[in-house]
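Trainee: Hey, dropping input-v9.tsv in here, TSV, C-alpha atoms:
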chain	number	residue	atom	x	y	z
A	1	MET	CA	100.89	-82.79	-37.17
A	2	GLU	CA	102.92	-80.45	-35.01
A	3	TYR	CA	105.73	-80.62	-37.55
A	4	LEU	CA	103.39	-79.94	-40.46
A	5	THR	CA	101.98	-76.87	-38.71
A	6	LEU	CA	105.47	-75.57	-38.02
A	7	PHE	CA	106.51	-76.19	-41.62
A	8	ILE	CA	103.51	-74.54	-43.28
A	9	GLY	CA	103.71	-71.72	-40.77
A	10	ALA	CA	107.32	-71.06	-41.71
A	11	VAL	CA	106.75	-71.28	-45.47
A	12	VAL	CA	103.66	-69.15	-45.98
A	13	VAL	CA	101.99	-67.82	-42.84
A	14	ASN	CA	105.07	-66.29	-41.24
A	15	ASN	CA	106.99	-65.93	-44.47
A	16	PHE	CA	110.40	-64.54	-43.51
A	17	VAL	CA	110.55	-61.96	-46.27
A	18	LEU	CA	106.98	-60.78	-46.64
A	19	THR	CA	105.76	-60.78	-43.05
A	20	LYS	CA	108.94	-60.60	-40.98
A	21	PHE	CA	111.05	-58.45	-43.31
A	22	LEU	CA	114.17	-60.58	-43.05
A	23	GLY	CA	116.71	-60.90	-45.82
A	24	LEU	CA	115.44	-57.84	-47.66
A	25	CYS	CA	118.90	-56.82	-48.85
A	26	ILE	CA	119.32	-60.02	-50.88
A	27	PHE	CA	115.63	-60.05	-51.73
A	28	PHE	CA	115.82	-56.71	-53.53
A	29	GLY	CA	119.39	-57.11	-54.72
A	30	VAL	CA	119.12	-60.47	-56.47
A	31	SER	CA	115.50	-60.58	-57.62
A	32	LYS	CA	116.18	-58.79	-60.91
A	33	ASN	CA	116.96	-62.12	-62.52
A	34	LEU	CA	114.92	-65.33	-62.28
A	35	SER	CA	117.66	-67.97	-62.51
A	36	ALA	CA	119.88	-66.11	-60.04
A	37	SER	CA	116.91	-65.90	-57.66
A	38	ALA	CA	116.28	-69.63	-57.84
A	39	GLY	CA	119.96	-70.28	-57.09
A	40	MET	CA	119.92	-67.87	-54.21
A	41	GLY	CA	116.80	-69.47	-52.77
A	42	MET	CA	118.40	-72.92	-52.81
A	43	ALA	CA	121.68	-71.64	-51.36
A	44	VAL	CA	119.89	-69.87	-48.51
A	45	THR	CA	117.85	-72.98	-47.70
A	46	ALA	CA	120.95	-75.19	-47.61
A	47	VAL	CA	123.06	-72.80	-45.53
A	48	MET	CA	120.20	-72.06	-43.16
A	49	THR	CA	119.51	-75.73	-42.47
A	50	LEU	CA	123.14	-76.66	-41.88
A	51	SER	CA	124.00	-73.63	-39.80
A	52	SER	CA	120.93	-73.89	-37.58
A	53	MET	CA	121.75	-77.54	-36.88
A	54	LEU	CA	125.23	-76.44	-35.84
A	55	ALA	CA	123.81	-73.60	-33.78
A	56	TRP	CA	121.41	-75.96	-32.01
A	57	LEU	CA	124.30	-78.19	-30.96
A	58	VAL	CA	126.36	-75.28	-29.70
A	59	TYR	CA	123.41	-73.68	-27.92
A	60	ASN	CA	122.21	-76.80	-26.15
A	61	PHE	CA	125.57	-78.38	-25.30
A	62	VAL	CA	127.75	-75.34	-24.65
A	63	LEU	CA	125.82	-72.13	-24.02
A	64	LEU	CA	122.94	-73.50	-21.92
A	65	PRO	CA	124.97	-75.71	-19.52
A	66	LEU	CA	127.49	-72.93	-18.95
A	67	GLY	CA	124.83	-70.25	-18.50
A	68	LEU	CA	126.23	-68.12	-21.30
A	69	THR	CA	122.99	-67.50	-23.17
A	70	PHE	CA	123.51	-63.73	-23.10
A	71	MET	CA	126.38	-64.30	-25.54
A	72	SER	CA	124.26	-66.21	-28.03
A	73	THR	CA	124.05	-63.32	-30.54
A	74	ALA	CA	127.82	-62.96	-30.78
A	75	VAL	CA	128.41	-66.71	-30.82
A	76	PHE	CA	125.86	-67.37	-33.54
A	77	VAL	CA	127.19	-64.62	-35.79
A	78	LEU	CA	130.76	-65.85	-35.59
A	79	LEU	CA	129.67	-69.48	-35.90
A	80	ILE	CA	127.66	-68.84	-39.06
A	81	ALA	CA	130.24	-66.56	-40.66
A	82	SER	CA	133.05	-69.06	-40.13
A	83	PHE	CA	130.87	-72.00	-41.13
A	84	VAL	CA	129.96	-70.34	-44.43
A	85	GLN	CA	133.61	-69.57	-45.10
A	86	LEU	CA	134.48	-73.20	-44.46
A	87	LEU	CA	131.65	-74.38	-46.69
A	88	GLU	CA	132.89	-72.09	-49.44
A	89	MET	CA	136.41	-73.52	-49.22
A	90	ILE	CA	135.17	-77.12	-49.29
A	91	ILE	CA	132.87	-76.54	-52.25
A	92	LYS	CA	135.61	-74.68	-54.14
A	93	LYS	CA	137.96	-77.62	-53.70
A	94	GLN	CA	135.54	-80.53	-54.08
A	95	ALA	CA	132.93	-79.29	-56.53
A	96	PRO	CA	134.23	-76.44	-58.69
A	97	ALA	CA	131.21	-76.58	-60.99
A	98	LEU	CA	128.87	-76.04	-58.06
A	99	TYR	CA	131.14	-73.27	-56.80
A	100	ASN	CA	130.89	-71.42	-60.11
A	101	MET	CA	127.13	-71.52	-59.82
A	102	TRP	CA	126.65	-70.69	-56.16
A	103	GLY	CA	129.98	-69.32	-54.95
A	104	ILE	CA	129.04	-65.67	-55.14
A	105	TYR	CA	125.82	-66.20	-53.20
A	106	LEU	CA	127.59	-67.91	-50.32
A	107	LEU	CA	129.58	-64.78	-49.47
A	108	LEU	CA	126.43	-62.67	-49.55
A	109	ILE	CA	124.75	-65.03	-47.12
A	110	ALA	CA	127.64	-65.15	-44.65
A	111	THR	CA	126.44	-62.26	-42.55
A	112	ASN	CA	122.79	-61.92	-43.27
A	113	CYS	CA	119.85	-61.45	-40.98
A	114	ILE	CA	117.80	-64.24	-42.53
A	115	VAL	CA	120.37	-66.90	-41.66
A	116	LEU	CA	120.88	-65.53	-38.16
A	117	ALA	CA	117.16	-65.31	-37.46
A	118	VAL	CA	116.57	-69.07	-37.42
A	119	PRO	CA	119.08	-69.87	-34.64
A	120	LEU	CA	117.84	-66.89	-32.62
A	121	GLY	CA	114.23	-68.02	-33.03
A	122	MET	CA	115.26	-71.56	-32.14
A	123	ALA	CA	116.94	-70.40	-28.95
A	124	GLU	CA	113.97	-68.24	-27.99
A	125	GLY	CA	111.37	-70.92	-28.63
A	126	GLY	CA	113.39	-73.80	-27.14
A	127	LEU	CA	112.81	-76.02	-30.18
A	128	SER	CA	113.98	-79.64	-30.32
A	129	PHE	CA	116.63	-80.71	-32.83
A	130	LEU	CA	114.14	-82.16	-35.32
A	131	MET	CA	111.84	-79.14	-34.96
A	132	THR	CA	114.79	-76.85	-35.65
A	133	ILE	CA	115.52	-78.64	-38.92
A	134	VAL	CA	111.87	-78.46	-40.00
A	135	TYR	CA	111.73	-74.78	-39.08
A	136	ALA	CA	114.95	-73.99	-40.97
A	137	VAL	CA	113.92	-75.87	-44.13
A	138	GLY	CA	110.49	-74.25	-44.05
A	139	SER	CA	111.90	-70.78	-43.61
A	140	GLY	CA	114.41	-71.33	-46.41
A	141	LEU	CA	111.74	-72.57	-48.80
A	142	GLY	CA	109.55	-69.63	-47.84
A	143	PHE	CA	112.38	-67.31	-48.80
A	144	ALA	CA	112.91	-69.18	-52.08
A	145	LEU	CA	109.19	-68.95	-52.88
A	146	ALA	CA	109.08	-65.22	-52.22
A	147	ILE	CA	112.21	-64.38	-54.20
A	148	ILE	CA	111.15	-66.51	-57.19
A	149	LEU	CA	107.70	-64.87	-57.26
A	150	MET	CA	109.31	-61.46	-57.01
A	151	ALA	CA	111.82	-62.18	-59.78
A	152	SER	CA	109.11	-63.38	-62.15
A	153	CYS	CA	107.18	-60.16	-61.57
A	154	ARG	CA	110.24	-57.97	-62.01
A	155	GLU	CA	111.20	-59.67	-65.27
A	156	LYS	CA	107.78	-58.75	-66.66
A	157	LEU	CA	108.19	-55.25	-65.32
A	158	ARG	CA	111.26	-54.64	-67.45
A	159	LEU	CA	109.03	-54.03	-70.47
A	160	ALA	CA	106.68	-51.69	-68.62
A	161	ASP	CA	106.85	-47.93	-68.64
A	162	VAL	CA	107.48	-47.01	-65.00
A	163	PRO	CA	107.49	-43.36	-63.83
A	164	LYS	CA	111.09	-42.16	-63.59
A	165	ALA	CA	111.21	-41.52	-59.85
A	166	LEU	CA	109.68	-44.89	-59.01
A	167	ASP	CA	111.97	-46.82	-61.34
A	168	GLY	CA	114.24	-49.34	-59.65
A	169	LEU	CA	113.93	-49.61	-55.89
A	170	GLY	CA	110.65	-47.71	-55.55
A	171	ILE	CA	108.58	-49.96	-57.77
A	172	ALA	CA	110.27	-53.05	-56.31
A	173	PHE	CA	109.02	-52.05	-52.86
A	174	ILE	CA	105.48	-51.50	-54.09
A	175	LEU	CA	105.58	-54.88	-55.81
A	176	ALA	CA	106.75	-56.50	-52.56
A	177	GLY	CA	103.85	-54.76	-50.82
A	178	MET	CA	101.40	-56.34	-53.25
A	179	LEU	CA	102.95	-59.76	-52.65
A	180	ALA	CA	102.75	-59.22	-48.89
A	181	LEU	CA	99.09	-58.33	-49.28
A	182	ALA	CA	98.53	-61.60	-51.14
A	183	PHE	CA	100.36	-63.56	-48.42
A	184	LEU	CA	98.10	-61.93	-45.85
A	185	GLY	CA	95.43	-64.31	-47.12
A	186	PHE	CA	97.30	-67.19	-45.50
A	187	SER	CA	97.26	-65.63	-42.06
A	188	GLY	CA	94.09	-67.35	-40.86
A	189	MET	CA	95.31	-70.78	-41.86
A	190	ILE	CA	96.90	-71.83	-38.58
B	191	MET	CA	135.46	-28.18	-38.41
B	192	LYS	CA	133.74	-27.61	-41.72
B	193	ASN	CA	134.95	-30.97	-42.97
B	194	LEU	CA	133.49	-32.68	-39.92
B	195	TRP	CA	130.13	-31.03	-40.57
B	196	LEU	CA	130.24	-32.20	-44.19
B	197	THR	CA	131.04	-35.74	-43.06
B	198	PHE	CA	128.08	-35.61	-40.71
B	199	LYS	CA	125.69	-34.13	-43.25
B	200	LYS	CA	126.54	-36.66	-45.94
B	201	GLY	CA	124.86	-39.46	-43.98
B	202	LEU	CA	121.72	-37.41	-43.40
B	203	VAL	CA	120.66	-36.71	-46.97
B	204	GLU	CA	122.95	-37.54	-49.89
B	205	GLU	CA	123.91	-40.99	-48.64
B	206	ASN	CA	120.93	-41.67	-46.43
B	207	PRO	CA	121.33	-45.32	-45.45
B	208	ILE	CA	117.72	-46.25	-46.07
B	209	PHE	CA	116.39	-44.13	-48.89
B	210	VAL	CA	119.54	-43.89	-50.99
B	211	LEU	CA	121.90	-46.72	-50.13
B	212	ALA	CA	119.00	-49.12	-49.43
B	213	LEU	CA	121.03	-50.88	-46.77
B	214	SER	CA	119.62	-52.45	-43.61
B	215	LEU	CA	116.04	-52.39	-44.75
B	216	CYS	CA	114.76	-55.08	-42.40
B	217	PRO	CA	114.43	-52.81	-39.35
B	218	ALA	CA	113.08	-49.95	-41.45
B	219	LEU	CA	109.98	-52.04	-41.98
B	220	ALA	CA	109.85	-54.33	-38.99
B	221	VAL	CA	109.95	-51.90	-36.08
B	222	THR	CA	108.36	-48.80	-37.62
B	223	ALA	CA	104.73	-49.58	-36.87
B	224	SER	CA	105.00	-47.10	-33.97
B	225	VAL	CA	107.18	-44.04	-33.32
B	226	ILE	CA	108.59	-45.14	-29.99
B	227	THR	CA	110.02	-48.42	-31.27
B	228	SER	CA	111.42	-46.62	-34.33
B	229	LEU	CA	113.15	-44.10	-32.09
B	230	THR	CA	114.65	-46.78	-29.84
B	231	MET	CA	115.89	-48.76	-32.81
B	232	GLY	CA	117.31	-45.63	-34.46
B	233	LEU	CA	119.19	-44.56	-31.34
B	234	SER	CA	120.53	-48.08	-30.73
B	235	VAL	CA	121.87	-48.27	-34.26
B	236	MET	CA	123.35	-44.77	-34.00
B	237	PHE	CA	125.18	-45.81	-30.82
B	238	VAL	CA	126.44	-49.09	-32.26
B	239	ILE	CA	127.63	-47.59	-35.54
B	240	SER	CA	129.56	-44.69	-33.98
B	241	MET	CA	131.11	-46.82	-31.22
B	242	ASN	CA	132.10	-49.46	-33.73
B	243	ASN	CA	133.65	-46.83	-35.98
B	244	VAL	CA	135.74	-45.64	-33.03
B	245	VAL	CA	136.93	-49.16	-32.21
B	246	VAL	CA	137.75	-49.95	-35.83
B	247	SER	CA	139.53	-46.66	-36.32
B	248	LEU	CA	141.62	-47.13	-33.16
B	249	SER	CA	142.63	-50.64	-34.12
B	250	ARG	CA	143.20	-49.99	-37.83
B	251	LYS	CA	146.99	-50.06	-37.55
B	252	ILE	CA	147.17	-53.15	-35.33
B	253	VAL	CA	144.78	-55.48	-37.14
B	254	ASN	CA	146.11	-57.44	-40.08
B	255	PRO	CA	143.90	-56.63	-43.12
B	256	LYS	CA	143.44	-60.35	-43.76
B	257	VAL	CA	141.48	-60.88	-40.56
B	258	ARG	CA	139.74	-57.51	-40.46
B	259	VAL	CA	136.18	-58.73	-41.14
B	260	PRO	CA	136.03	-61.20	-38.20
B	261	VAL	CA	137.47	-58.46	-35.99
B	262	TYR	CA	134.76	-56.02	-37.10
B	263	ILE	CA	132.06	-58.61	-36.51
B	264	THR	CA	133.31	-59.42	-33.03
B	265	SER	CA	133.43	-55.75	-32.14
B	266	ILE	CA	129.91	-55.11	-33.46
B	267	ALA	CA	128.52	-58.18	-31.68
B	268	THR	CA	130.04	-57.05	-28.38
B	269	ILE	CA	128.56	-53.55	-28.65
B	270	VAL	CA	125.16	-54.93	-29.64
B	271	THR	CA	125.19	-57.28	-26.64
B	272	VAL	CA	125.83	-54.27	-24.40
B	273	VAL	CA	122.85	-52.44	-25.93
B	274	GLN	CA	120.69	-55.55	-25.50
B	275	LEU	CA	121.59	-55.92	-21.84
B	276	VAL	CA	121.05	-52.22	-21.10
B	277	LEU	CA	117.62	-52.17	-22.76
B	278	GLN	CA	116.65	-55.42	-21.08
B	279	ALA	CA	117.48	-53.94	-17.69
B	280	PHE	CA	116.04	-50.43	-18.06
B	281	ALA	CA	113.28	-50.76	-20.65
B	282	PRO	CA	112.03	-54.36	-20.68
B	283	GLY	CA	108.83	-53.42	-22.53
B	284	LEU	CA	110.75	-51.89	-25.42
B	285	TYR	CA	113.19	-54.79	-25.40
B	286	LYS	CA	110.28	-57.15	-25.91
B	287	ALA	CA	108.73	-54.99	-28.63
B	288	LEU	CA	111.97	-54.91	-30.63
B	289	GLY	CA	112.44	-58.63	-30.10
B	290	ILE	CA	114.70	-60.43	-32.50
B	291	TYR	CA	115.43	-57.28	-34.51
B	292	LEU	CA	117.61	-55.86	-31.74
B	293	ALA	CA	119.94	-58.85	-31.96
B	294	LEU	CA	119.90	-58.56	-35.73
B	295	ILE	CA	121.65	-55.16	-35.55
B	296	VAL	CA	124.79	-57.32	-35.61
B	297	VAL	CA	124.33	-58.13	-39.27
B	298	PHE	CA	123.19	-54.72	-40.51
B	299	ALA	CA	125.11	-54.13	-43.69
B	300	ILE	CA	125.37	-50.41	-43.02
B	301	ILE	CA	127.53	-50.88	-39.92
B	302	LEU	CA	129.99	-53.22	-41.57
B	303	ALA	CA	130.00	-51.01	-44.65
B	304	ARG	CA	130.95	-47.87	-42.69
B	305	ALA	CA	133.69	-49.76	-40.85
B	306	GLU	CA	135.12	-51.02	-44.12
B	307	VAL	CA	134.68	-47.89	-46.25
B	308	PHE	CA	135.35	-45.12	-43.76
B	309	ALA	CA	136.62	-46.05	-40.30
B	310	SER	CA	139.37	-48.39	-41.48
B	311	LYS	CA	140.98	-45.52	-43.40
B	312	ASN	CA	140.37	-42.47	-41.22
B	313	LYS	CA	141.33	-41.02	-37.84
B	314	VAL	CA	139.20	-41.50	-34.75
B	315	ILE	CA	137.27	-38.21	-34.66
B	316	PRO	CA	136.14	-38.16	-38.32
B	317	SER	CA	135.20	-41.83	-37.98
B	318	PHE	CA	133.09	-41.08	-34.93
B	319	VAL	CA	131.38	-38.19	-36.73
B	320	ASP	CA	130.78	-40.34	-39.80
B	321	GLY	CA	129.13	-42.95	-37.59
B	322	LEU	CA	127.00	-40.29	-35.92
B	323	GLY	CA	125.92	-38.87	-39.28
B	324	MET	CA	125.04	-42.23	-40.78
B	325	GLY	CA	123.28	-43.20	-37.54
B	326	ALA	CA	121.37	-39.92	-37.53
B	327	GLY	CA	120.32	-40.41	-41.14
B	328	PHE	CA	119.13	-43.88	-40.27
B	329	CYS	CA	117.30	-42.64	-37.18
B	330	LEU	CA	115.68	-39.80	-39.15
B	331	ALA	CA	114.40	-42.16	-41.82
B	332	LEU	CA	113.04	-44.58	-39.22
B	333	ILE	CA	111.23	-41.84	-37.29
B	334	LEU	CA	109.76	-40.42	-40.49
B	335	ILE	CA	108.38	-43.81	-41.50
B	336	GLY	CA	107.23	-44.50	-37.92
B	337	CYS	CA	105.32	-41.19	-37.71
B	338	ILE	CA	103.46	-41.76	-40.95
B	339	ARG	CA	102.59	-45.37	-40.17
B	340	GLU	CA	101.41	-44.68	-36.63
B	341	LEU	CA	99.47	-41.55	-37.56
B	342	PHE	CA	97.51	-43.12	-40.40
B	343	GLY	CA	97.34	-46.65	-39.08
B	344	ASN	CA	96.43	-45.87	-35.50
B	345	GLY	CA	95.55	-42.17	-35.41
B	346	SER	CA	98.17	-41.46	-32.75
B	347	LEU	CA	101.79	-40.35	-32.26
B	348	MET	CA	104.00	-41.84	-29.52
B	349	GLY	CA	100.86	-43.56	-28.25
B	350	ILE	CA	98.97	-40.26	-27.76
B	351	PRO	CA	95.77	-40.01	-29.83
B	352	ILE	CA	96.10	-37.12	-32.28
B	353	ILE	CA	93.28	-37.35	-34.81
B	354	GLY	CA	89.85	-37.69	-33.15
B	355	ASP	CA	87.45	-40.57	-32.89
B	356	TRP	CA	85.88	-39.68	-36.22
B	357	TYR	CA	88.92	-41.10	-38.03
B	358	ASP	CA	88.68	-44.74	-38.92
B	359	PRO	CA	92.34	-45.92	-38.88
B	360	ALA	CA	93.65	-47.40	-42.12
B	361	LEU	CA	94.94	-50.67	-40.72
B	362	ILE	CA	97.01	-51.39	-43.81
B	363	PHE	CA	99.68	-48.89	-42.68
B	364	ILE	CA	100.47	-51.06	-39.65
B	365	LEU	CA	100.45	-54.28	-41.67
B	366	PRO	CA	103.60	-55.45	-43.49
B	367	ALA	CA	102.10	-54.75	-46.92
B	368	GLY	CA	101.47	-51.09	-46.10
B	369	GLY	CA	105.03	-50.72	-44.85
B	370	PHE	CA	106.45	-51.97	-48.13
B	371	ILE	CA	104.24	-49.76	-50.27
B	372	LEU	CA	104.86	-46.66	-48.13
B	373	ILE	CA	108.62	-47.09	-48.35
B	374	GLY	CA	108.35	-47.53	-52.10
B	375	TYR	CA	106.70	-44.12	-52.43
B	376	MET	CA	109.08	-42.54	-49.93
B	377	VAL	CA	112.12	-43.75	-51.89
B	378	ALA	CA	110.59	-42.18	-54.99
B	379	ALA	CA	109.84	-38.92	-53.16
B	380	TRP	CA	113.41	-38.76	-51.78
B	381	LYS	CA	114.78	-39.28	-55.28
B	382	MET	CA	112.60	-36.51	-56.73
B	383	TRP	CA	113.58	-34.11	-53.95
B	384	THR	CA	117.34	-34.68	-54.24
B	385	ASN	CA	117.13	-34.44	-58.05
B	386	HIS	CA	115.25	-31.17	-57.70
B	387	GLN	CA	117.88	-29.79	-55.28
B	388	GLU	CA	120.67	-30.74	-57.65
B	389	LYS	CA	118.94	-29.13	-60.61
B	390	LYS	CA	118.51	-25.93	-58.62
B	391	LYS	CA	122.18	-25.97	-57.67
B	392	ALA	CA	123.19	-26.48	-61.29
B	393	GLU	CA	121.01	-23.57	-62.43
B	394	ARG	CA	122.50	-21.30	-59.82
B	395	GLY	CA	125.99	-22.40	-60.87
B	396	GLU	CA	125.32	-21.43	-64.47
B	397	ALA	CA	123.67	-18.11	-63.69
Show how you would write the structure in this file as structure tokens.
Mentor:
Amino acid sequence: MEYLTLFIGAVVVNNFVLTKFLGLCIFFGVSKNLSASAGMGMAVTAVMTLSSMLAWLVYNFVLLPLGLTFMSTAVFVLLIASFVQLLEMIIKKQAPALYNMWGIYLLLIATNCIVLAVPLGMAEGGLSFLMTIVYAVGSGLGFALAIILMASCREKLRLADVPKALDGLGIAFILAGMLALAFLGFSGMI
Amino acid sequence: MKNLWLTFKKGLVEENPIFVLALSLCPALAVTASVITSLTMGLSVMFVISMNNVVVSLSRKIVNPKVRVPVYITSIATIVTVVQLVLQAFAPGLYKALGIYLALIVVFAIILARAEVFASKNKVIPSFVDGLGMGAGFCLALILIGCIRELFGNGSLMGIPIIGDWYDPALIFILPAGGFILIGYMVAAWKMWTNHQEKKKAERGEA
């Protein structure tokens, strides 16, 4: 039950994009196209899960025993950036087809607030290993859900006649506001 | 001197990090529900970006271009940790209010972008000024958003009640949804204003 609450909380109630404003750069940058958005959502979920597992190990077996928790920000950033680089190299070598599909997204994710936020939240909340995985998967799926919804709306918007000044980023923000308003309905759930 | 001023001014309006470049949007929404948190965040970013520009500019001839990005990240993370520790010691309330977003300064695209685009190619003083200008533009945008959200959403500025009791605060401005919508309109307004300025300049040029 505890796990289910954490999962649903991460997917809809505390949606990373629409209530915590994380990962907005990718959210607005990639959501012009539906298939790219779906790919990005999956890539973020995968990277987030793997890197937060790694971060949990480092945090609980290195930083905590040595009393170095004040360095966690710097350690997590470097850990994630190098891990993503490594992942990119492995995928490029082992699965070129997959690399052609997802390769460009991996670099965008390497230093992004949404991936860093899960390890930081994990460290702050003192989550267990299993809880961390559930939290990371939930947050990733929440991101995927938001970006896919957004991309579907923006694809429809392409045919609409938007005022010139609002065109592009302006209308995208207002659209995100509407989505956030809709997600507000979930807030009483937990 | 004039060049330095131009470098500074560029970050304020023409290349405003938030309204024009649309970089580092997370904090622009997350911490702007009140003016005081916006101001703290803006100043922290201004400090980090100009200090990091100095470090990058000083080390630009020593660092091998192949490893430059990890070097930038390490430098940014160190400066951010300093800011975190200072705020934690002297303003624990603000530190708590900013929460996770303070640590997330590390991954702000704008800081890495200025290091890569400007500081890695220029001397120390212009790099410092560029960082200050970009930081000031960022700070300005944050304060602007913070003022509007706090005034309409809470009827106060910096925690001091401004409008009277008769005003029923529009809660939506404090909520995430209101933040998104407000920024949408502000981006549009910024675009209209800069377009207008350019048109005026062009007319004067012709006349």
Trainee: So that I can check the surroundings of Leu169 (chain A), please list as a compact mmCIF listing (two decimals) with C-alpha atoms, in the coordinates of the input every protein, DNA and RNA residue that reaches within 9 Å of it, counting all atoms listed in the file and ignoring chain neighbours fewer than 5 positions away.
Mentor:
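Output file selection10.txt follows:
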# COMPACT_ATOMS: atom_id res chain seq x y z
CA PHE A 28 115.82 -56.71 -53.53
CA ILE A 174 105.48 -51.50 -54.09
CA ALA B 212 119.00 -49.12 -49.43
CA GLY B 374 108.35 -47.53 -52.10
CA VAL B 377 112.12 -43.75 -51.89
CA ALA B 378 110.59 -42.18 -54.99
Trainee: Pull out every residue of chain B sitting within 9 Å of chain A, counting only C-alpha atoms, and send them as JSON, numbers by chain.
Mentor: {"B": [212, 213, 214, 215, 216, 217, 218, 219, 220, 260, 263, 264, 266, 267, 268, 270, 271, 274, 275, 290, 291, 293, 294, 295, 296, 297, 298, 299, 365, 366, 367, 368, 369, 370, 371, 372, 373, 374, 375, 376, 377, 378, 379, 380, 381, 382]}
Trainee: Have a look at CA of Phe318 (chain B) and CA of Ser240 (chain B) and let me know their distance in Å, one decimal.
Mentor: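 Between CA of Phe318 (chain B) and CA of Ser240 (chain B) the gap is 5.1 Å.
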Trainee: Can you measure CA of Asp358 (chain B) to CA of Leu341 (chain B) for me? One decimal in Å is fine.
Mentor: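 Atom-to-atom, CA of Asp358 (chain B) to CA of Leu341 (chain B), that is 11.3 Å.
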Trainee: Go through B:Glu204, B:Met231, B:Cys329, B:Arg304 one by one, measure the shortest atom-to-atom distance of each to Glu388 (chain B) using only C-alpha atoms, and give the residue with the smallest value.
Mentor: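 Closest to Glu388 (chain B), using only C-alpha atoms: B:Glu204.
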Trainee: Could you pull the residues within 9 Å of Ile315 (chain B), counting only C-alpha atoms, minus those fewer than 4 positions along the same chain, as a list in words?
Mentor: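 In the requested format, the answer is Leu194, Val244, Ser247, Val319 and Asp320 of chain B.
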Trainee: Leaving out Val203 (chain B) and any residue of its chain fewer than 4 positions from it, which residues lie within 9 Å of it when counting only C-alpha atoms, given as a ChimeraX atom specification?
Mentor: /B:199,207,209-210,327,380,384
Trainee: How would the residues just picked look written out with C-alpha atoms as an mmCIF file, in the coordinates of the input?
Mentor:
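Now in part_34.cif:
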data_model
loop_
_atom_site.group_PDB
_atom_site.id
_atom_site.type_symbol
_atom_site.label_atom_id
_atom_site.label_comp_id
_atom_site.auth_asym_id
_atom_site.auth_seq_id
_atom_site.Cartn_x
_atom_site.Cartn_y
_atom_site.Cartn_z
ATOM 1 C CA LYS B 199 125.690 -34.130 -43.250
ATOM 2 C CA PRO B 207 121.330 -45.320 -45.450
ATOM 3 C CA PHE B 209 116.390 -44.130 -48.890
ATOM 4 C CA VAL B 210 119.540 -43.890 -50.990
ATOM 5 C CA GLY B 327 120.320 -40.410 -41.140
ATOM 6 C CA TRP B 380 113.410 -38.760 -51.780
ATOM 7 C CA THR B 384 117.340 -34.680 -54.240
#
Trainee: At a cut-off of 9 Å, using only C-alpha atoms, what residues contact Ile364 (chain B)? Leave out same-chain residues fewer than 4 positions from it and give the result as an MDAnalysis selection string.
Mentor: chainID B and resid 222:224 339:340 342:344 360 368:369
